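S.K.: I'd like to ask you about the structure that follows.
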Amino acid sequence: MSLIYLSCAWVAGILLGSKFSPPLALILTGLIPLPLLFFGKHIRPIILTSLCLFIFFGGAFYFQSSLPPNDESHLRFYNEKGAVQVKGTLSQDPDVRDRATQLRLEASEIKLDGEWRNVQGTALLFVPRYPGYSYGDVLLATGKLETPPQLDDFNYKDYLAHEGIYSTMLYPEIEILETGQGFKPLEWVYSLRNSLSQTLAEALPEPQASLAQGIILGKRGNIPSSVTDDFSNTGTAHLLAVSGLHLGIMAGIVLSIGLWFFGKRHYLYIWLALVAIWLYALLTGMHAPVVRGAIMASIFLTAELLGRQRSAITALTFAAAIMVGLDPQILWTASFQMSFLAMAGIILIFPRLRDIGRRTINRTLGEDRTLTPAAYFITDIFSVTLGAIIAVWPVIAYYFGIVSLVAPLANFFALPALPGIIIAGALTGGLGLIALPAAQALTWLAWLFLSYLLLVVDVFAALPISSIEFGSNSATLIWAYYPALALVLWLISRRSRLRDLAAKSLTTVKPGIDKMGSFISQVPKKWLIPPLLVVVILVSVAVATLPDDNLHVSFLNVGQGDAILIQKGSQQILVDGGPSPQAIALELGNRMPFWDRTIELVILTHPHSDHISGLVEVLKRYKVEQALYPDLDYDSPIYNEWLSLLEEKNIKSTIAQAGQKIVLEELIIEVLNPPNPLLTGTESDIDNNSLVLHISMGEISFLLTADIMREAEFELISQRAIPASTVLKVGHHGSVSSTTPEFLAVASPQLAIISVDEDNRFGLPDEEVIARLEEMLDPKNIYLTDAGTIEFITDGERLWVRVER
């Protein structure tokens, strides 16, 4: 207990130092109790009190001394001082998001007013997604350093300060000076992590791929917001973040599995858990929150190994004090708080819940022990989860403003998939690095576990009252909850009768369990049932997703941009990819069979970012057999990445020009634009030379006009190149510069569709364009993708429209 008191005094001193700067003389208060030693009584409490006072005020002074100086030697001194140049090294793996990347630049020099100066400090840089950067790159960044702002009710400045960041720079000019200047072992770890992440993206559809990246590797940037919202509402968000809560639950599950298979022989279950935790930490990039969580989990396991389970809370408290000493700012980070509380919940609450559950099982099953091992295993998993949740949920409410009412049940059903996801996903990534086709069987298995997890979360998130929203950053709940929880734990430890109350309420389920046990005991070769069941499910799903013989043309909801998926049988053609890599990956994951990772033809109409950004991600994730695109003089990082990937992956490429024709059985695709030679001297040469397609099957046809404007439309009219079409994809997202009345008269569409984002900043589609369309069409036959994907299905004679809501 003495070590607990000293550790608490240190942490309390750090808290005091964050609020006040006490005079140095206060450290001498530790001498006040020492004269009482001459009385010869209570020597140990007196010495302990004296040490606590020394450590308490020492912690306060230590915190003050750990704060970075606000002078010319630190980077934050130059915030809001105009444009500067900063040299530094990327200190972490870049955080790649959907349309941007965040870089942590550890500064070494700054140039202001033509003079270079040595500085220290870390800046958070926001840069475009392309080109890419790597850990250890030495950069020269030119831009304005700014103090992080307050974001509504979220104190972004304090959040970054606790991460040691006091400056941000928005979209600076970047020059790479050197590469490979980081810590070599960490550079190797990041390289392995990125390679595994890319393999998972290539092997799995969305949202399963990004979910696997989040759970296995801790890379959450590409998980769709709708998915993260569902996980938050069901109290399963910890599964997406490799934190102390995640590692604690994982340690408990691995312990339960180890005990089930090996018993307590040679403490194999503990060694298995230790290996699993640190291997997991390695895969996730050894980020500071992960390492802290792994250390805390290891302390608990070491106490179990030494047979000193009661010392686990002492060791945990001491480890927390050491971590706070190494970096005082972590005390205010959510990851550290959840790591500590999750492990505390597993140490203090889990054993009591486990004992209650096992006693309930013993009383319920009576003499019949058929189900006892499996029932113990399920009970232990549920107890680990519930113990961690009981300890952590007020902190979740404090930071995220939400508490899930279905969290225990949702976690109970979701957590059994976690080991399968981690094992199958890690093996898929590892084997895929060697030979991706060889990992196909494991990919299907990983997909099944991931889909099950998504199904569980979707079901519980759909319940009418799945969560309650709290006012964010309200500490009242915490101050009320944790003293009450401590009181309850104390009463339970003192009154054994209270520990039996929960068990008595569950004895009524005995008849049903008896029948289940009788049934299972009669099933031969029971260990073959789970794998056979998995095979049956996978085969059934694969058969159910086999394509039909109709032509499907889907105008995908990818935001303010174009993306059109054409499917005929098992063949897919993708025209453009929209502005969002995440959106196109999610749409393709929803519309292509999970087992199909091949796109026969990718067509780029022109290299503007709202058409090409998603296609670059498609080239990385899918096996693309051919590419068709116009040869346009255009320079941008994203277009250069497109050209580089075509060469790197040895994709057969064809330069598009008018007159080309692609025939796939009944399906005919004709290229109407760009002409040869290209149009020049127009308002926008790139748009007017974009690729125009006419797609037909039987009596039904589609005219895809990309972003051509009136000049290209008149050129096509003069060349009599525009056939009458059933469906018109309106040009340039409904801009007034396209879709002229003359063009509409020649195309003579029966339906029209506009690819546009809801409430886009351009105000598209233009009201004048809508008026032109309504002069020719019933308003009901004009479709917009702002509400969801629009799918046209035809057998060559009839046409059906499916609108996503």
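A note on labels: chains of the structure tokens are A, B, ... as shown, every chain counts residues from 1, and ligands are counted from 1 in their shown order.
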Considering only C-alpha atoms, return as JSON, numbers by chain whatever protein or nucleic-acid residues lie within 12 Å of A:Ile686, sequence-local ones (same chain, fewer than 2 positions apart) excluded.

M.R.: {"A": [605, 606, 607, 608, 630, 631, 632, 633, 634, 635, 673, 674, 678, 679, 680, 681, 682, 683, 684, 688, 689, 690, 691, 706, 707, 708, 709, 711, 712, 732]}

S.K.: Find the spatial neighbours of A:Asn79, counting only C-alpha atoms, within a cut-off of 8 Å - ignore same-chain residues fewer than 5 positions away - and output them as a list in words.

M.R.: Lys144, Leu145, Glu146, Thr147 and Ser167 of chain A

S.K.: For A:Asp230, work out the shell of residues within 7 Å, counting only C-alpha atoms and skipping chain neighbours fewer than 3 positions away, then give it as a ChimeraX atom specification.

M.R.: /A:226-227,233-234,457-458,461

S.K.: Using N, CA, C and O atoms, can you export the residues from the last selection as a PDB file, in the first residue's frame?

M.R.:
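Output below, filename out-v3.pdb:
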ATOM      1  N   SER A 226     -20.061   6.626 -40.927  1.00  0.00           N
ATOM      2  CA  SER A 226     -21.285   5.924 -40.533  1.00  0.00           C
ATOM      3  C   SER A 226     -20.973   4.689 -39.703  1.00  0.00           C
ATOM      4  O   SER A 226     -21.710   4.346 -38.774  1.00  0.00           O
ATOM      5  N   VAL A 227     -19.863   4.022 -40.026  1.00  0.00           N
ATOM      6  CA  VAL A 227     -19.460   2.838 -39.267  1.00  0.00           C
ATOM      7  C   VAL A 227     -18.964   3.233 -37.875  1.00  0.00           C
ATOM      8  O   VAL A 227     -19.344   2.620 -36.877  1.00  0.00           O
ATOM      9  N   ASN A 233     -22.224   4.361 -30.798  1.00  0.00           N
ATOM     10  CA  ASN A 233     -23.551   4.235 -30.213  1.00  0.00           C
ATOM     11  C   ASN A 233     -23.766   2.894 -29.520  1.00  0.00           C
ATOM     12  O   ASN A 233     -24.631   2.784 -28.637  1.00  0.00           O
ATOM     13  N   THR A 234     -23.010   1.879 -29.907  1.00  0.00           N
ATOM     14  CA  THR A 234     -23.171   0.558 -29.294  1.00  0.00           C
ATOM     15  C   THR A 234     -22.108   0.255 -28.250  1.00  0.00           C
ATOM     16  O   THR A 234     -22.051  -0.864 -27.728  1.00  0.00           O
ATOM     17  N   VAL A 457     -22.997  -4.893 -34.799  1.00  0.00           N
ATOM     18  CA  VAL A 457     -23.023  -3.452 -34.500  1.00  0.00           C
ATOM     19  C   VAL A 457     -24.221  -2.792 -35.168  1.00  0.00           C
ATOM     20  O   VAL A 457     -24.898  -1.948 -34.561  1.00  0.00           O
ATOM     21  N   ASP A 458     -24.506  -3.151 -36.405  1.00  0.00           N
ATOM     22  CA  ASP A 458     -25.658  -2.575 -37.114  1.00  0.00           C
ATOM     23  C   ASP A 458     -26.962  -2.890 -36.387  1.00  0.00           C
ATOM     24  O   ASP A 458     -27.840  -2.021 -36.246  1.00  0.00           O
ATOM     25  N   ALA A 461     -27.107  -0.917 -33.083  1.00  0.00           N
ATOM     26  CA  ALA A 461     -27.202   0.525 -33.347  1.00  0.00           C
ATOM     27  C   ALA A 461     -28.585   0.915 -33.832  1.00  0.00           C
ATOM     28  O   ALA A 461     -29.014   2.061 -33.668  1.00  0.00           O
TER      29      ALA A 461
END

S.K.: For A:Gly432, which of A:Gln198, A:Asn557, A:Pro547, A:Phe350 is the closest residue, counting only C-alpha atoms?

M.R.: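 For A:Gly432, the nearest of the given residues is A:Gln198.
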
S.K.: Using DSSP assignments from the backbone, pull out every residue in stretch 51-133 of chain A that falls under alpha helix (DSSP H) and give it to me as a PyMOL selection string.

M.R.: chain A and resi 51-66

S.K.: Closest to A:Tyr452 among A:Pro677, A:Pro483, A:Gly58, A:Gly420, using only C-alpha atoms?

M.R.: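 Using only C-alpha atoms, A:Tyr452 sits closest to A:Gly420.
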
S.K.: Need the shell around A:Gly425: protein/DNA/RNA residues with any atom at most 9 Å away, counting only C-alpha atoms. Skip same-chain ones fewer than 6 positions apart. Format as JSON, numbers by chain?

M.R.: {"A": [200, 212, 213, 216, 442, 443, 445, 446, 447]}

S.K.: Would you mind exporting the chosen residues as an mmCIF file, in the first residue's frame, restricted to C-alpha atoms?

M.R.:
data_model
loop_
_atom_site.group_PDB
_atom_site.id
_atom_site.type_symbol
_atom_site.label_atom_id
_atom_site.label_comp_id
_atom_site.auth_asym_id
_atom_site.auth_seq_id
_atom_site.Cartn_x
_atom_site.Cartn_y
_atom_site.Cartn_z
ATOM 1 C CA LEU A 200 -5.586 -5.943 -46.395
ATOM 2 C CA ALA A 212 -9.511 -4.768 -40.375
ATOM 3 C CA GLN A 213 -6.886 -2.020 -40.660
ATOM 4 C CA ILE A 216 -5.401 -5.153 -36.424
ATOM 5 C CA LEU A 442 -7.873 -16.703 -45.246
ATOM 6 C CA THR A 443 -9.336 -13.566 -46.825
ATOM 7 C CA LEU A 445 -12.456 -16.237 -43.353
ATOM 8 C CA ALA A 446 -11.427 -12.730 -42.265
ATOM 9 C CA TRP A 447 -14.292 -11.280 -44.327
#

S.K.: For A:Leu196, work out the shell of residues within 10 Å, counting only C-alpha atoms and skipping chain neighbours fewer than 5 positions away, then give it as a list of chain:residue names.

M.R.: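 Residues near the query, excluding close chain neighbours: A:Tyr190, A:Ser191, A:Ala201, A:Glu202, A:Gln213, A:Ile216, A:Leu217, A:Leu283, A:Gly425, A:Ala426, A:Leu427, A:Thr428, A:Gly429, A:Gly430, A:Leu431, A:Gly432, A:Leu433.
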
S.K.: Can you write out the residues you just picked, keeping C-alpha atoms, as a compact mmCIF listing (two decimals), in the first residue's frame?

M.R.:
# COMPACT_ATOMS: atom_id res chain seq x y z
CA TYR A 190 6.20 1.31 -39.88
CA SER A 191 7.15 -0.18 -43.25
CA ALA A 201 -6.91 -3.18 -48.66
CA GLU A 202 -6.16 -5.29 -51.73
CA GLN A 213 -6.89 -2.02 -40.66
CA ILE A 216 -5.40 -5.15 -36.42
CA LEU A 217 -3.09 -2.23 -37.16
CA LEU A 283 1.91 -4.72 -35.64
CA GLY A 425 -6.53 -10.76 -40.73
CA ALA A 426 -2.89 -10.88 -39.59
CA LEU A 427 -2.32 -14.14 -41.46
CA THR A 428 -4.01 -12.69 -44.55
CA GLY A 429 -1.76 -9.64 -44.42
CA GLY A 430 1.39 -11.68 -43.76
CA LEU A 431 0.74 -14.34 -46.39
CA GLY A 432 -0.46 -11.70 -48.83
CA LEU A 433 2.95 -10.02 -48.65

S.K.: Which of these residues is nearest to A:Gly17, using only C-alpha atoms: A:Leu341, A:Leu112, A:Leu67, A:Ala424?

M.R.: A:Leu67

S.K.: Report, in Å to a single decimal, how far apart atom CA of A:Asp576 and atom CA of A:Gly731 are.

M.R.: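 A separation of 13.6 Å between them.
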
S.K.: One decimal, Å: what's the distance from atom CA of A:Arg597 over to atom CA of A:Pro205, could you say?

M.R.: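 One can read the atom CA of A:Arg597 to atom CA of A:Pro205 distance as 7.8 Å.
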
S.K.: List the spatial neighbours of stretch 328-332 of chain A as a VMD selection string - criterion: any atom at most 12 Å away, only C-alpha atoms, same-chain residues fewer than 4 positions off excluded.

M.R.: chain A and resid 10 to 18 59 to 68 158 to 165 288 to 289 292 320 to 324 336 to 340 395 399

S.K.: Write the residues of the preceding selection, restricted to C-alpha atoms, as an mmCIF file, in the first residue's frame.

M.R.:
data_model
loop_
_atom_site.group_PDB
_atom_site.id
_atom_site.type_symbol
_atom_site.label_atom_id
_atom_site.label_comp_id
_atom_site.auth_asym_id
_atom_site.auth_seq_id
_atom_site.Cartn_x
_atom_site.Cartn_y
_atom_site.Cartn_z
ATOM 1 C CA TRP A 10 3.213 12.001 -7.309
ATOM 2 C CA VAL A 11 0.265 12.095 -9.698
ATOM 3 C CA ALA A 12 -1.619 14.507 -7.427
ATOM 4 C CA GLY A 13 1.445 16.766 -7.427
ATOM 5 C CA ILE A 14 1.495 16.758 -11.215
ATOM 6 C CA LEU A 15 -2.161 17.803 -11.164
ATOM 7 C CA LEU A 16 -1.382 20.617 -8.708
ATOM 8 C CA GLY A 17 1.483 21.823 -10.911
ATOM 9 C CA SER A 18 -0.850 22.001 -13.907
ATOM 10 C CA GLY A 59 5.600 16.556 -8.683
ATOM 11 C CA ALA A 60 4.167 20.075 -8.882
ATOM 12 C CA PHE A 61 7.612 21.596 -9.485
ATOM 13 C CA TYR A 62 8.495 18.869 -11.963
ATOM 14 C CA PHE A 63 5.421 19.613 -14.053
ATOM 15 C CA GLN A 64 6.255 23.305 -14.212
ATOM 16 C CA SER A 65 9.814 22.526 -15.287
ATOM 17 C CA SER A 66 8.579 20.139 -17.999
ATOM 18 C CA LEU A 67 6.607 22.852 -19.832
ATOM 19 C CA PRO A 68 8.292 24.021 -23.042
ATOM 20 C CA ASP A 158 -5.360 21.645 -25.129
ATOM 21 C CA TYR A 159 -5.801 18.292 -26.867
ATOM 22 C CA LEU A 160 -2.736 18.869 -29.040
ATOM 23 C CA ALA A 161 -0.792 20.388 -26.137
ATOM 24 C CA HIS A 162 -1.159 17.113 -24.244
ATOM 25 C CA GLU A 163 0.387 15.480 -27.333
ATOM 26 C CA GLY A 164 3.302 17.950 -27.172
ATOM 27 C CA ILE A 165 2.081 19.962 -30.184
ATOM 28 C CA ALA A 288 2.873 5.573 -27.450
ATOM 29 C CA PRO A 289 -0.748 4.809 -26.389
ATOM 30 C CA ARG A 292 1.433 2.233 -22.511
ATOM 31 C CA ALA A 320 1.148 4.877 -14.097
ATOM 32 C CA ALA A 321 3.258 7.149 -11.875
ATOM 33 C CA ILE A 322 6.417 6.253 -13.816
ATOM 34 C CA MET A 323 4.703 6.975 -17.146
ATOM 35 C CA VAL A 324 3.447 10.324 -15.859
ATOM 36 C CA PHE A 336 -3.749 6.872 -20.926
ATOM 37 C CA GLN A 337 -6.828 7.286 -18.756
ATOM 38 C CA MET A 338 -8.689 4.494 -20.516
ATOM 39 C CA SER A 339 -5.609 2.246 -20.409
ATOM 40 C CA PHE A 340 -5.290 2.684 -16.647
ATOM 41 C CA VAL A 395 -14.539 8.622 -19.196
ATOM 42 C CA TYR A 399 -14.726 12.779 -23.821
#
